[in-house]
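Student: The structure is given below, and queries will be raised subsequently.
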Amino acid sequence: MRVPLDWLGEYVDLAPGVRGADVAASLVKVGLEEEGLHGGDLTGPLVVGKVLTQEPEPQKNGKVINWCTVDVGDANGTGEPQGIVCGAHNFAAGDFVVVVLPGAVLPGGFAIAARKTYGHVSAGMICAADELGLPDDGSGGIIRLAERLPGVDLTPGQDAIALLGLDRETVEINVTPDRGYCFSLRGVAREYSHATGATFTDPVTALAQRAPAANDSGFPVRLDDRAPIRDRVGCSRYVARIVRGVDPSAPSPAWLATRLTEAGMRPISLPVDVTNYVMLALGQPLHAFDLATVRGGITVRRAAPGETLKTLDGVERTLFDEDLVIADDEKAVAIAGTMGGEATEVTDATTDILIEAARFDQTSVARSARRHKLPSEAAKRFERGVDPQIAAAAAQFAVDLLVEYGGGTADDGVTDVQLPLPQTVIDFDPADAGRLVGVPYTATQVIDVLHEIGCTVDGSGDTLHVSPPSWRPDLTTGPDLIEEVARIRGYEQIPSILPTPPGGRGLTHGQEVRRLVANVLAARGFNEVWSAPFVGDDVHEAFGWDPTQARARTVSLINPLSDEQPLFRISLLTTMVDILRRNVARGFSDVAIFELGLVAAIDGPLTQAPYSPVGVHPTSEVLDAIRGSVPPQPRQLAFLLTGDRTPAGWTGPGRPADWTDTLETVQALGAALAVPLTVTPEATAPFHPGRSGRVEAADGTFLGHVGELHPKTLQRLGLPPRVVGGQLLLDELIRLSENTPQATALSVMPMADSDVALLVDAAVPAGDVETALREGAGDLLESIELFDVYEGERIEPGKKSLAYRLVFRAPDRTLKTEEVNAFRDAAVARAASAVGAVQR
């Protein structure tokens with residue numbers, strides 16, 4: 001919201017010489033954050049000049065320029081006329097114009113200097129309105145001061161900055177959704193009064209006194225809200241006034257156009273400018289209809305099925321049955337509170353104008369504006385709540401301006417249709433303010449603040465009956481009133497006290513595991529990433545999954561960020577591949593990434609979440625039903641690698657990442673969590689059938705898959721020829737790690753090792769052999785290592801030799817050779833029975 005200071009000064013007393021920064025600082029005290037300061041950045045000399053001569057000079061490029069001599073008085077320090085080149089032609093000798101002289105700086109930091117152009121040295125510039133940040137006066141070119149400022153005595157050399165109001169400042173503030181009344185000069189002036197104690201003059205008071213009472217000769221209006229939303233009436237008040245005989249060629253007065261421009265709106269025509277001006281001044285949006293195009297009376301109703309409306313932006317819109325519309329006897333002519341229709345638009349030929357000032361339901365307007373993507377200035381105010389008491393005053397304000405500047409005549413008929421609105425009364429204990437804020441406010445201070453913001457307060461003692469003012473629909477509960485007390489009394493009075501946290505708390509086990517997992521992977525060269533959890537069926541197909549089955553495991557979003565990605569992911573890998581592809585496309589050939597995140601894992605039908613009204617704490621049954629409607633979302637860990645795992649360098653060539661790196665990563669995670677993990681071959685999409693495995697815990701709990709991605713998947717996704725990775729169920733890892741074995745004291749006894757070579761079938765995994773050896777070796781086995789694999793001469797076809805080093809250690813004694821041999825023989829015997837191993 002942009003607030004011109006001179007306009008603000010009409011409604012609240014501003015101290016002499018106050019600057020925009022001072023006003024902004026005062027508004028910050030009451031919660032209106034400063035967004036910027038505008039205006040006041042033009043530095044002179046900018047003066048009134050009188051054109052003495054104007055000589056047109058055709059140029060080679062076909063353009064005609066004017067070589068002018070301009071009397072600028074003593075502004076140039078010599079009293080001599082200035083020679084100035086000008087390309088505009090809407091002025092003549094004898095006209096008073098605005099001249100900017102060398103040394104001046106125009107808005108936007110445009111510095112003026114004497115320079116040679118078109119064969120002349122131009123000592124300045126004759127200015128147009130847009131060059132000074134002013135609204136166009138209709139001439140479309142150079143400002144002719146005698147026309148723009150009729151009746152003003154003009155003298156060459158006179159300061160034009162003050163003359164044109166270019167020294168005025170505008171403060172831009174950020175208005176939060178609960179402070180909709182501050183989308184008006186009236187509301188901001190009231191807040192400035194709260195902040196500084198300056199006298200506030202409500203413009204509505206005088207307007208309401210001038211506004212005539214409703215009578216039977218007014219324009220016919222009927223309120224027919226056949227489909228209220230949750231008992232909310234679509235339109236509770238509708239004021240209609242008619243002004244006839246408005247001069248369609250009458251321009252908006254310069255002061256009004258200037259104020260609209262300073263407030264960030266473009267002047268269009270007198271009727272439109274008047275409605276915008278009143279909206280900015282009072283916060284009440286208005287709409288002007290061309291009375292000649294309205295058939296019969298006005299009805300405020302819900303849209304009929306299949307009804308259409310061409311709005312002012314030229315778009316033919318299909319209306320929804322919840323849309324609140326303004327209709328005549330034949331058709332809808334506007335979407336209530338959002339945008340008018342093209343058929344009843346005020347045009348250059350309009351002479352009779354119907355003024356609408358209404359109070360529409362916040363929810364209805366907000367939904368229509370979003371449904372049709374029409375975030376208009378009117379909708380912005382209606383959806384935050386408009387004061388229902390000012391409709392008649394706002395209509396009178398518009399009528400007065402159209403009569404005065406458009407030459408119109410107001411009809412005697414006045415329409416004011418109202419429906420009763422329930423009065424909000426809040427039972428409030430003034431002691432709650434000090435208890436919740438932490439400042440010892442007295443009851444008198446609390447009541448004074450409530451009176452200051454416009455509330456009516458009845459009662460005494462511990463219970464006050466507070467009725468909020470009509471312009472504050474956001475005040476509905478006791479805490480709302482407490483916030484107002486803290487705001488008006490000053491946020492700076494609230495002490496800064498850090499809460500003392502209770503002892504004995506820290507990270508949960510799940511948080512510790514997630515942090516440990518992330519640290520382990522980061523230490524191994526992985527980079528953590530976050531990917532948006534939304535996918536489409538194309539990714540499921542690329543992964544080799546049935547899209548129908550994949551959709552059965554997830555949920556579809558009602559309003560997705562992208563129509564191509566309407567599904568919640570069921571696998572972290574489906575979204576991580578986008579990050580991998582983006583990094584590779586940007587020149588990073590060696591990539592190692594991981595992510596910890598949630599996925600959908602629906603297994604069975606879901607129930608619909610029940611509706612819980614706002615402001616009412618749901619019952620335990622409702623909460624259980626809401627939780628039951630949320631799809632299961634387990635946490636997963638996924639990682640991907642491509643390119644060189646060991647970079648090339650002076651030590652030798654690089655080693656590309658392969659499926660063995662995924663095994664190493666899984667083993668590192670298992671060791672860090674003290675959860676033994678095994679990987680057995682298993683073909684599953686999207687992995688290569690011969691280079692993938694199933695990850696399990698010692699008790700057989702399934703934990704995920706690792707391996708190399710299938711070549712067809714890589715081709716469909718546009719990934720490098722070789723990508724490896726894995727996906728683990730992190731929630732299961734967290735559960736398994738809860739019973740972490742306790743560390744034991746290190747033995748000081750010497751170790752004893754024994755090597756054993758076993759002959760097994762070539763298809764037997766080395767992991768199965770190692771598991772069997774561990775099971776048979778006993779409790780004194782400290783470690784086991786595979787140090788040789790051999791296939792070739794002296795080995796039968798279809799067989800392979802696996803050589804292991806077994807290390808034993810006792811905590812209390814030195815092991816004897818006989819004991820170590822017995823342990824080794826037991827291990828070999830177990831391997832023989834489990835996998836058919838034969839000792840070489």
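Going through the structure tokens in order, the chains are called A, B, and so on, while each chain numbers its residues from 1 and the ligands are numbered from 1 in the order shown.
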Would you kindly return, as a PyMOL selection string, each protein, DNA or RNA residue with an atom no farther than 10 Å from any atom of region 763-776 of chain A, considering only C-alpha atoms and excluding same-chain residues fewer than 3 positions away?

Tutor: chain A and resi 678-681+758+760+779+781-786+789+798-800+802+804+806+823-837

Student: Save the residues we just selected, N, CA, C and O atoms, as a compact mmCIF listing (two decimals), in the first residue's frame?

Tutor:
```
# COMPACT_ATOMS: atom_id res chain seq x y z
N THR A 678 23.59 -57.87 5.24
CA THR A 678 24.06 -58.77 4.18
C THR A 678 23.36 -58.41 2.89
O THR A 678 22.22 -57.91 2.89
N VAL A 679 24.05 -58.67 1.78
CA VAL A 679 23.50 -58.40 0.45
C VAL A 679 23.53 -59.69 -0.34
O VAL A 679 24.59 -60.30 -0.52
N THR A 680 22.38 -60.12 -0.81
CA THR A 680 22.27 -61.32 -1.62
C THR A 680 21.73 -60.96 -2.99
O THR A 680 20.96 -60.00 -3.12
N PRO A 681 22.14 -61.69 -4.04
CA PRO A 681 21.68 -61.34 -5.39
C PRO A 681 20.16 -61.41 -5.50
O PRO A 681 19.53 -62.34 -5.01
N LEU A 758 38.88 -72.55 0.46
CA LEU A 758 37.73 -73.42 0.24
C LEU A 758 37.36 -73.43 -1.23
O LEU A 758 37.39 -72.40 -1.91
N VAL A 760 34.38 -74.00 -3.81
CA VAL A 760 32.93 -73.98 -3.87
C VAL A 760 32.49 -73.83 -5.31
O VAL A 760 33.30 -73.52 -6.20
N ASP A 779 32.60 -67.86 19.29
CA ASP A 779 32.57 -66.50 19.83
C ASP A 779 33.93 -65.82 19.84
O ASP A 779 34.00 -64.59 19.96
N LEU A 781 36.02 -65.62 17.43
CA LEU A 781 36.40 -65.08 16.11
C LEU A 781 36.32 -63.55 16.17
O LEU A 781 35.27 -62.99 16.46
N GLU A 782 37.44 -62.89 15.91
CA GLU A 782 37.47 -61.44 15.97
C GLU A 782 37.18 -60.81 14.62
O GLU A 782 36.47 -59.80 14.52
N SER A 783 37.70 -61.39 13.55
CA SER A 783 37.46 -60.84 12.22
C SER A 783 37.69 -61.92 11.18
O SER A 783 38.35 -62.94 11.45
N ILE A 784 37.13 -61.69 10.02
CA ILE A 784 37.30 -62.61 8.89
C ILE A 784 37.44 -61.77 7.63
O ILE A 784 36.73 -60.77 7.45
N GLU A 785 38.39 -62.15 6.77
CA GLU A 785 38.68 -61.36 5.58
C GLU A 785 38.90 -62.28 4.39
O GLU A 785 39.66 -63.25 4.46
N LEU A 786 38.23 -61.96 3.30
CA LEU A 786 38.45 -62.66 2.04
C LEU A 786 39.63 -61.98 1.34
O LEU A 786 39.55 -60.80 1.00
N VAL A 789 40.56 -64.77 -4.46
CA VAL A 789 39.57 -65.51 -5.24
C VAL A 789 40.28 -66.01 -6.49
O VAL A 789 40.92 -65.22 -7.21
N GLY A 798 33.68 -74.67 -13.36
CA GLY A 798 32.47 -74.41 -12.58
C GLY A 798 32.74 -74.28 -11.11
O GLY A 798 31.79 -74.18 -10.31
N LYS A 799 34.01 -74.28 -10.73
CA LYS A 799 34.38 -74.11 -9.33
C LYS A 799 35.23 -72.85 -9.17
O LYS A 799 35.79 -72.31 -10.13
N LYS A 800 35.36 -72.40 -7.92
CA LYS A 800 36.25 -71.29 -7.60
C LYS A 800 36.82 -71.51 -6.22
O LYS A 800 36.23 -72.19 -5.37
N LEU A 802 38.12 -69.76 -2.73
CA LEU A 802 38.02 -68.57 -1.89
C LEU A 802 38.93 -68.75 -0.69
O LEU A 802 38.80 -69.73 0.05
N TYR A 804 40.26 -67.28 2.92
CA TYR A 804 39.88 -66.39 4.02
C TYR A 804 40.95 -66.41 5.11
O TYR A 804 41.60 -67.43 5.35
N LEU A 806 41.15 -65.97 9.08
CA LEU A 806 40.34 -65.93 10.29
C LEU A 806 41.23 -65.50 11.45
O LEU A 806 42.31 -66.08 11.66
N PHE A 823 38.87 -74.32 16.19
CA PHE A 823 37.92 -73.28 15.75
C PHE A 823 37.84 -73.26 14.22
O PHE A 823 36.76 -73.13 13.63
N ARG A 824 39.03 -73.33 13.58
CA ARG A 824 39.06 -73.28 12.11
C ARG A 824 38.33 -74.48 11.52
O ARG A 824 37.55 -74.34 10.58
N ASP A 825 38.57 -75.69 12.09
CA ASP A 825 37.92 -76.89 11.55
C ASP A 825 36.40 -76.81 11.71
O ASP A 825 35.65 -77.26 10.83
N ALA A 826 35.96 -76.24 12.81
CA ALA A 826 34.52 -76.10 13.02
C ALA A 826 33.92 -75.14 11.99
O ALA A 826 32.81 -75.38 11.47
N ALA A 827 34.67 -74.08 11.68
CA ALA A 827 34.19 -73.14 10.68
C ALA A 827 34.10 -73.79 9.31
O ALA A 827 33.14 -73.60 8.56
N VAL A 828 35.13 -74.58 8.95
CA VAL A 828 35.13 -75.25 7.65
C VAL A 828 34.01 -76.26 7.58
O VAL A 828 33.33 -76.41 6.54
N ALA A 829 33.78 -76.98 8.68
CA ALA A 829 32.70 -77.97 8.69
C ALA A 829 31.35 -77.29 8.48
O ALA A 829 30.49 -77.82 7.75
N ARG A 830 31.17 -76.12 9.09
CA ARG A 830 29.90 -75.41 8.90
C ARG A 830 29.74 -74.95 7.46
O ARG A 830 28.66 -75.03 6.88
N ALA A 831 30.84 -74.48 6.85
CA ALA A 831 30.79 -74.06 5.45
C ALA A 831 30.51 -75.23 4.53
O ALA A 831 29.82 -75.10 3.52
N ALA A 832 31.03 -76.40 4.88
CA ALA A 832 30.79 -77.59 4.05
C ALA A 832 29.32 -77.97 4.07
O ALA A 832 28.73 -78.31 3.03
N SER A 833 28.72 -77.91 5.26
CA SER A 833 27.30 -78.30 5.34
C SER A 833 26.37 -77.23 4.77
O SER A 833 25.30 -77.54 4.25
N ALA A 834 26.78 -75.95 4.85
CA ALA A 834 25.90 -74.87 4.42
C ALA A 834 25.96 -74.62 2.92
O ALA A 834 24.93 -74.43 2.26
N VAL A 835 27.17 -74.61 2.35
CA VAL A 835 27.32 -74.25 0.92
C VAL A 835 28.09 -75.29 0.13
O VAL A 835 28.44 -75.05 -1.03
N GLY A 836 28.41 -76.43 0.76
CA GLY A 836 29.12 -77.48 0.03
C GLY A 836 30.59 -77.17 -0.19
O GLY A 836 31.18 -77.64 -1.17
N ALA A 837 31.20 -76.40 0.71
CA ALA A 837 32.60 -76.03 0.55
C ALA A 837 33.51 -77.21 0.89
O ALA A 837 33.24 -78.00 1.80
```

Student: Considering only C-alpha atoms, can you say which of A:Gln396, A:Thr351, A:Thr78, A:Gln445 comes closest to Ala211 (chain A)?

Tutor: A:Gln396

Student: Env of Ile497 (chain A): 12 Å cut, atoms = only C-alpha atoms, seq-sep filter 4 positions within chain, self excluded. Answer as a list in words.

Tutor: Val437, Gly438 and Val439 of chain A

Student: Just checking: using only C-alpha atoms, which residue out of A:Gly180, A:Gly707, A:Pro610, A:Gly693 ends up closest to Asp658 (chain A)?

Tutor: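 Looking only at the distances to Asp658 (chain A), the closest residue turns out to be A:Gly707.
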
Student: Taking 4 positions as the minimum chain separation for residues in the same chain, which residues sit within 9 Å of Val403 (chain A) when counting only C-alpha atoms? Answer as an mmCIF file with N, CA, C and O atoms, in the first residue's frame.

Tutor:
```cif
data_model
loop_
_atom_site.group_PDB
_atom_site.id
_atom_site.type_symbol
_atom_site.label_atom_id
_atom_site.label_comp_id
_atom_site.auth_asym_id
_atom_site.auth_seq_id
_atom_site.Cartn_x
_atom_site.Cartn_y
_atom_site.Cartn_z
ATOM 1 N N VAL A 243 -25.831 9.109 -11.024
ATOM 2 C CA VAL A 243 -25.437 10.463 -11.420
ATOM 3 C C VAL A 243 -25.661 10.571 -12.918
ATOM 4 O O VAL A 243 -25.109 9.783 -13.695
ATOM 5 N N ARG A 244 -26.483 11.537 -13.318
ATOM 6 C CA ARG A 244 -26.831 11.693 -14.730
ATOM 7 C C ARG A 244 -26.141 12.925 -15.323
ATOM 8 O O ARG A 244 -25.819 13.883 -14.622
ATOM 9 N N VAL A 246 -23.190 13.233 -16.844
ATOM 10 C CA VAL A 246 -21.754 13.406 -16.659
ATOM 11 C C VAL A 246 -21.102 13.662 -18.017
ATOM 12 O O VAL A 246 -21.408 12.985 -19.010
ATOM 13 N N ALA A 398 -18.205 9.479 -4.010
ATOM 14 C CA ALA A 398 -18.105 9.347 -5.459
ATOM 15 C C ALA A 398 -19.094 10.263 -6.168
ATOM 16 O O ALA A 398 -18.766 10.893 -7.190
ATOM 17 N N VAL A 399 -20.298 10.360 -5.650
ATOM 18 C CA VAL A 399 -21.301 11.240 -6.254
ATOM 19 C C VAL A 399 -20.819 12.688 -6.225
ATOM 20 O O VAL A 399 -20.931 13.428 -7.215
ATOM 21 N N GLY A 407 -19.655 17.471 -13.967
ATOM 22 C CA GLY A 407 -20.833 18.243 -14.346
ATOM 23 C C GLY A 407 -22.119 17.468 -14.259
ATOM 24 O O GLY A 407 -23.122 17.877 -14.858
ATOM 25 N N GLY A 408 -22.152 16.370 -13.527
ATOM 26 C CA GLY A 408 -23.352 15.551 -13.444
ATOM 27 C C GLY A 408 -24.337 16.056 -12.399
ATOM 28 O O GLY A 408 -24.060 16.983 -11.634
ATOM 29 N N THR A 409 -25.489 15.398 -12.380
ATOM 30 C CA THR A 409 -26.544 15.715 -11.416
ATOM 31 C C THR A 409 -26.956 14.429 -10.718
ATOM 32 O O THR A 409 -27.263 13.420 -11.373
ATOM 33 N N ALA A 410 -26.948 14.451 -9.396
ATOM 34 C CA ALA A 410 -27.298 13.252 -8.636
ATOM 35 C C ALA A 410 -28.801 13.080 -8.552
ATOM 36 O O ALA A 410 -29.542 14.051 -8.299
#
```

Student: What does the distance between CA of Phe787 (chain A) and CA of Asp812 (chain A) come to in Å, to one decimal place?

Tutor: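 For CA of Phe787 (chain A) relative to CA of Asp812 (chain A), the distance reads 28.7 Å.
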
Student: Could you pull the residues within 6 Å of region 201-207 of chain A, counting only C-alpha atoms, minus those fewer than 6 positions along the same chain, as a PyMOL selection string?

Tutor: chain A and resi 11-12+393

Student: Pull the strand (DSSP E) assignments for region 532-690 of chain A out of DSSP run on the backbone, and list those residues as a PyMOL selection string.

Tutor: chain A and resi 534-535+567-568+591-598+635-642+644-646+655-656+677-681+687-690

Student: Which neighbours of Ala113 (chain A) fall inside 10 Å, counting only C-alpha atoms, when residues of the same chain fewer than 5 positions from it are skipped, and could you give them as a list in words?

Tutor: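 The residues satisfying every condition are Val100, Leu101, Pro102, Gly103, Ala104, Val105, Ser122, Ala123, Gly124 and Met125 of chain A.
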
Student: From the list A:Ala327, A:Ile65, A:Val723, A:Met576, which residue is nearest Asp590 (chain A) when using only C-alpha atoms?

Tutor: A:Val723

Student: Using 9 Å as the limit and counting only C-alpha atoms, can you tabulate each residue of region 696-809 of chain A that touches region 509-526 of chain A, with its shortest atom-to-atom distance in Å and the two atoms involved, as a tab-separated table?

Tutor:
```
residue	atom	partner	partner_atom	distance
A:Leu730	CA	A:Arg514	CA	8.1
A:Asp731	CA	A:Gly510	CA	8.0
A:Leu733	CA	A:Val513	CA	8.4
A:Ile734	CA	A:Gly510	CA	5.9
A:Arg735	CA	A:Gly510	CA	8.3
A:Ser737	CA	A:Val513	CA	8.1
A:Glu738	CA	A:His509	CA	7.4
```

Student: Kindly save the residues from that selection, with N, CA, C and O atoms included, as a compact mmCIF listing (two decimals), in the first residue's frame.

Tutor:
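Printed below is again_36.txt as written:
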```txt
# COMPACT_ATOMS: atom_id res chain seq x y z
N LEU A 730 14.95 -46.51 5.96
CA LEU A 730 15.64 -45.89 7.09
C LEU A 730 14.90 -46.14 8.40
O LEU A 730 15.53 -46.30 9.45
N ASP A 731 13.58 -46.17 8.36
CA ASP A 731 12.82 -46.43 9.59
C ASP A 731 13.17 -47.79 10.18
O ASP A 731 13.26 -47.96 11.40
N LEU A 733 16.07 -49.38 9.73
CA LEU A 733 17.43 -49.27 10.28
C LEU A 733 17.40 -48.62 11.66
O LEU A 733 18.14 -49.03 12.57
N ILE A 734 16.55 -47.61 11.82
CA ILE A 734 16.44 -46.96 13.12
C ILE A 734 15.93 -47.94 14.16
O ILE A 734 16.43 -48.00 15.30
N ARG A 735 14.92 -48.73 13.77
CA ARG A 735 14.37 -49.71 14.73
C ARG A 735 15.40 -50.75 15.11
O ARG A 735 15.57 -51.09 16.29
N SER A 737 18.57 -50.52 15.11
CA SER A 737 19.72 -49.99 15.84
C SER A 737 19.40 -49.60 17.26
O SER A 737 20.28 -49.15 18.00
N GLU A 738 18.13 -49.74 17.67
CA GLU A 738 17.77 -49.37 19.04
C GLU A 738 18.44 -50.26 20.06
O GLU A 738 18.76 -49.83 21.16
```

Student: For Ala250 (chain A), please output as a tab-separated table (two decimals) with all heavy atoms, in the first residue's frame all residues within 7 Å (counting only C-alpha atoms; exclusion window: fewer than 2 positions along the same chain).

Tutor:
```tsv
chain	number	residue	atom	x	y	z
A	247	ASP	N	-20.23	14.64	-18.07
A	247	ASP	CA	-19.52	14.97	-19.31
A	247	ASP	C	-18.49	13.88	-19.58
A	247	ASP	O	-17.53	13.72	-18.83
A	247	ASP	CB	-18.82	16.32	-19.15
A	247	ASP	CG	-18.08	16.73	-20.44
A	247	ASP	OD1	-18.13	15.98	-21.43
A	247	ASP	OD2	-17.45	17.81	-20.41
A	248	PRO	N	-18.69	13.09	-20.64
A	248	PRO	CA	-17.76	11.97	-20.90
A	248	PRO	C	-16.35	12.43	-21.25
A	248	PRO	O	-15.40	11.66	-21.14
A	248	PRO	CB	-18.41	11.23	-22.07
A	248	PRO	CG	-19.29	12.22	-22.73
A	248	PRO	CD	-19.76	13.15	-21.65
A	252	SER	N	-9.98	13.97	-15.36
A	252	SER	CA	-9.80	13.94	-13.91
A	252	SER	C	-8.97	15.15	-13.50
A	252	SER	O	-8.03	15.53	-14.20
A	252	SER	CB	-9.08	12.66	-13.49
A	252	SER	OG	-9.84	11.53	-13.81
A	270	LEU	N	-12.39	9.87	-15.76
A	270	LEU	CA	-12.95	10.46	-14.54
A	270	LEU	C	-13.78	9.45	-13.73
A	270	LEU	O	-13.55	9.31	-12.53
A	270	LEU	CB	-13.78	11.70	-14.88
A	270	LEU	CG	-14.45	12.37	-13.68
A	270	LEU	CD1	-13.40	12.86	-12.69
A	270	LEU	CD2	-15.35	13.52	-14.14
A	406	GLY	N	-17.40	16.30	-13.08
A	406	GLY	CA	-17.97	15.77	-14.31
A	406	GLY	C	-19.20	16.51	-14.76
A	406	GLY	O	-19.77	16.19	-15.81
```

Student: Between A:Asp644, A:Gln284, A:Asn215, A:Leu673, which one has atoms that come closest to Phe588 (chain A), using only C-alpha atoms?

Tutor: A:Asp644

Student: One decimal, in Å: what's the spacing between CA of Gly17 (chain A) and CA of Leu5 (chain A)?

Tutor: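 A separation of 11.0 Å between them.
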
Student: Which one is closest to Trp471 (chain A): A:Lys373, A:Lys60, A:Arg222, A:Arg179? Count only C-alpha atoms.

Tutor: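 Using only C-alpha atoms, the shortest distance to Trp471 (chain A) belongs to A:Arg179.
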
Student: Among region 102-239 of chain A, which ones does DSSP assign to helix (DSSP H, G or I) (computed from the backbone)? Answer as a VMD selection string.

Tutor: chain A and resid 130 to 132 145 to 148 160 to 163 180 to 182 185 to 196 203 to 210

Student: Would you work out the distance separating CA of Val446 (chain A) from CA of Ile173 (chain A), expressed in Å to one decimal?

Tutor: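 Straight-line distance from CA of Val446 (chain A) to CA of Ile173 (chain A) works out to 27.2 Å.
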
Student: So which one's closest to Leu132 (chain A), A:Tyr491, A:Trp67, A:Phe702, A:Phe110? Using only C-alpha atoms, please.

Tutor: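 Closest to Leu132 (chain A), using only C-alpha atoms: A:Phe110.
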